[in-house]
Amino acid sequence: MIPLLKIFYDPFARNGIWCCTPYPNHPNGCPNFVKGCTKKRPDFKDIADKYDWFAITETFDLKAHAEKMKAKHPQWTERQCRNPLYWQGTVRANLRNKTITMEGDIVLDIPEACGINVFETMANVGVTLKRKPDIVTKVMIVGKMKR
């Protein structure tokens, strides 16, 4: 559990600008945005002062996973071997299990959807996240009600 004394809010994370940015095979951006991902989560600016905040992280060796997938499927491209469909669900489940044991009052499972710039927030506590990593670090943010 990493205490977060400063969380960087970015309205572009919340309003869909980031979400709608095209990326390979997704010309309209993240398909979860149209499903209401941001609408289903609280806006951080509305809850920021009510909680003490902590980051929970889970790392995953994506490079080793891709190597295993390449051995299993030699015809696959590197991109296919790194496809989040094959690993991200497990990493998120492991991370969610960690948050359950933290006894938080609120869990921001997709902090970006709440308006949090996770890259800046984590850099502020000495955790550098990379955009195309070999070792992935996923982050959820837990809030404990201020007493």
# chains A, B, ... in the order shown; residues from 1 in each chain; ligands from 1

$ residues_around --residues "segment 12-29 of chain A" --least-positions-apart "4" --cutoff "10 Å" --atoms "only C-alpha atoms" --output "PyMOL selection string"
chain A and resi 33-34+37-39+41-44+111-118

$ select_by_dssp --residues "segment 54-136 of chain A" --states "alpha helix (DSSP H)" --output "number ranges by chain"
A: 62-72, 78-81, 88-100, 118-123

$ closest_residue --among "A:Glu78, A:Asp61, A:Glu67, A:Glu120" --to "Val91 of chain A" --atoms "only C-alpha atoms"
A:Asp61

$ closest_residue --among "A:Ala48, A:Ala71, A:Ala64, A:Leu85" --to "Lys6 of chain A" --atoms "only C-alpha atoms"
A:Ala48

$ residues_around --residues "Thr90 of chain A" --least-positions-apart "5" --cutoff "12 Å" --atoms "only C-alpha atoms" --output "list in words"
Glu58, Thr59, Phe60, Pro84, Leu85, Leu95, Arg96, Asn97 and Lys138 of chain A

$ write_last_selection --atoms "all heavy atoms" --output "mmCIF file, in the first residue's frame"
data_model
loop_
_atom_site.group_PDB
_atom_site.id
_atom_site.type_symbol
_atom_site.label_atom_id
_atom_site.label_comp_id
_atom_site.auth_asym_id
_atom_site.auth_seq_id
_atom_site.Cartn_x
_atom_site.Cartn_y
_atom_site.Cartn_z
ATOM 1 N N GLU A 58 0.128 -4.188 -8.811
ATOM 2 C CA GLU A 58 0.375 -5.591 -9.173
ATOM 3 C C GLU A 58 1.261 -5.569 -10.404
ATOM 4 O O GLU A 58 0.971 -4.867 -11.379
ATOM 5 C CB GLU A 58 -0.951 -6.296 -9.480
ATOM 6 C CG GLU A 58 -0.821 -7.719 -9.948
ATOM 7 C CD GLU A 58 -0.494 -8.707 -8.834
ATOM 8 O OE1 GLU A 58 -0.561 -8.354 -7.653
ATOM 9 O OE2 GLU A 58 -0.163 -9.857 -9.170
ATOM 10 N N THR A 59 2.353 -6.312 -10.360
ATOM 11 C CA THR A 59 3.241 -6.370 -11.523
ATOM 12 C C THR A 59 3.049 -7.697 -12.255
ATOM 13 O O THR A 59 2.620 -8.697 -11.667
ATOM 14 C CB THR A 59 4.717 -6.206 -11.124
ATOM 15 O OG1 THR A 59 5.060 -7.230 -10.204
ATOM 16 C CG2 THR A 59 4.970 -4.847 -10.500
ATOM 17 N N PHE A 60 3.353 -7.648 -13.529
ATOM 18 C CA PHE A 60 3.202 -8.818 -14.386
ATOM 19 C C PHE A 60 4.314 -8.793 -15.417
ATOM 20 O O PHE A 60 4.548 -7.769 -16.074
ATOM 21 C CB PHE A 60 1.835 -8.782 -15.076
ATOM 22 C CG PHE A 60 1.614 -9.916 -16.027
ATOM 23 C CD1 PHE A 60 1.365 -11.193 -15.562
ATOM 24 C CD2 PHE A 60 1.663 -9.705 -17.399
ATOM 25 C CE1 PHE A 60 1.166 -12.247 -16.446
ATOM 26 C CE2 PHE A 60 1.457 -10.750 -18.288
ATOM 27 C CZ PHE A 60 1.211 -12.019 -17.804
ATOM 28 N N PRO A 84 -3.638 -8.022 -24.404
ATOM 29 C CA PRO A 84 -4.184 -7.976 -23.043
ATOM 30 C C PRO A 84 -5.313 -8.971 -22.793
ATOM 31 O O PRO A 84 -5.558 -9.354 -21.642
ATOM 32 C CB PRO A 84 -4.701 -6.546 -22.896
ATOM 33 C CG PRO A 84 -3.978 -5.761 -23.918
ATOM 34 C CD PRO A 84 -3.669 -6.703 -25.043
ATOM 35 N N LEU A 85 -5.988 -9.414 -23.832
ATOM 36 C CA LEU A 85 -7.073 -10.381 -23.630
ATOM 37 C C LEU A 85 -6.592 -11.653 -22.932
ATOM 38 O O LEU A 85 -7.357 -12.322 -22.243
ATOM 39 C CB LEU A 85 -7.704 -10.767 -24.971
ATOM 40 C CG LEU A 85 -8.557 -9.708 -25.653
ATOM 41 C CD1 LEU A 85 -8.970 -10.183 -27.036
ATOM 42 C CD2 LEU A 85 -9.778 -9.391 -24.813
ATOM 43 N N LEU A 95 -5.082 -8.012 -8.494
ATOM 44 C CA LEU A 95 -5.044 -6.670 -7.922
ATOM 45 C C LEU A 95 -6.304 -6.415 -7.090
ATOM 46 O O LEU A 95 -6.234 -5.892 -5.979
ATOM 47 C CB LEU A 95 -4.909 -5.649 -9.043
ATOM 48 C CG LEU A 95 -4.671 -4.200 -8.670
ATOM 49 C CD1 LEU A 95 -3.542 -4.046 -7.669
ATOM 50 C CD2 LEU A 95 -4.379 -3.390 -9.919
ATOM 51 N N ARG A 96 -7.441 -6.810 -7.604
ATOM 52 C CA ARG A 96 -8.696 -6.635 -6.857
ATOM 53 C C ARG A 96 -8.644 -7.422 -5.543
ATOM 54 O O ARG A 96 -9.082 -6.938 -4.507
ATOM 55 C CB ARG A 96 -9.894 -7.061 -7.683
ATOM 56 C CG ARG A 96 -11.205 -6.862 -6.920
ATOM 57 C CD ARG A 96 -12.430 -6.927 -7.776
ATOM 58 N NE ARG A 96 -12.527 -5.893 -8.762
ATOM 59 C CZ ARG A 96 -12.809 -4.617 -8.519
ATOM 60 N NH1 ARG A 96 -12.961 -4.221 -7.298
ATOM 61 N NH2 ARG A 96 -12.923 -3.749 -9.489
ATOM 62 N N ASN A 97 -8.091 -8.631 -5.572
ATOM 63 C CA ASN A 97 -7.959 -9.419 -4.341
ATOM 64 C C ASN A 97 -7.088 -8.700 -3.319
ATOM 65 O O ASN A 97 -7.354 -8.752 -2.121
ATOM 66 C CB ASN A 97 -7.407 -10.810 -4.642
ATOM 67 C CG ASN A 97 -8.433 -11.699 -5.315
ATOM 68 O OD1 ASN A 97 -9.638 -11.469 -5.205
ATOM 69 N ND2 ASN A 97 -7.968 -12.692 -6.042
ATOM 70 N N LYS A 138 0.080 -2.606 -12.888
ATOM 71 C CA LYS A 138 -1.309 -2.153 -12.865
ATOM 72 C C LYS A 138 -1.556 -1.506 -11.509
ATOM 73 O O LYS A 138 -0.993 -1.918 -10.495
ATOM 74 C CB LYS A 138 -2.279 -3.322 -13.053
ATOM 75 C CG LYS A 138 -2.159 -4.037 -14.384
ATOM 76 C CD LYS A 138 -2.589 -3.212 -15.556
ATOM 77 C CE LYS A 138 -4.092 -3.203 -15.701
ATOM 78 N NZ LYS A 138 -4.544 -2.370 -16.815
#

$ closest_residue --among "A:Arg92, A:Arg82, A:Lys98, A:Lys63" --to "Asp134 of chain A" --atoms "only C-alpha atoms"
A:Lys63

$ closest_residue --among "A:Pro3, A:Asn124, A:Thr57, A:Lys68" --to "Lys144 of chain A" --atoms "only C-alpha atoms"
A:Pro3

$ residues_around --residues "Arg147 of chain A" --least-positions-apart "6" --cutoff "10 Å" --atoms "only C-alpha atoms" --output "list in words"
Lys50, Tyr51 and Asp52 of chain A

$ closest_residue --among "A:Met122, A:Ile2, A:Cys81, A:Ile141" --to "His65 of chain A" --atoms "only C-alpha atoms"
A:Cys81

$ atom_distance --atom1 "atom CA of Thr128 of chain A" --atom2 "atom CA of Ile56 of chain A"
14.1 Å

$ atom_distance --atom1 "atom CA of Gly36 of chain A" --atom2 "atom CA of Met145 of chain A"
26.2 Å

$ select_by_dssp --residues "segment 31-140 of chain A" --states "strand (DSSP E)" --output "PyMOL selection string"
chain A and resi 51-61+106-108+135-140
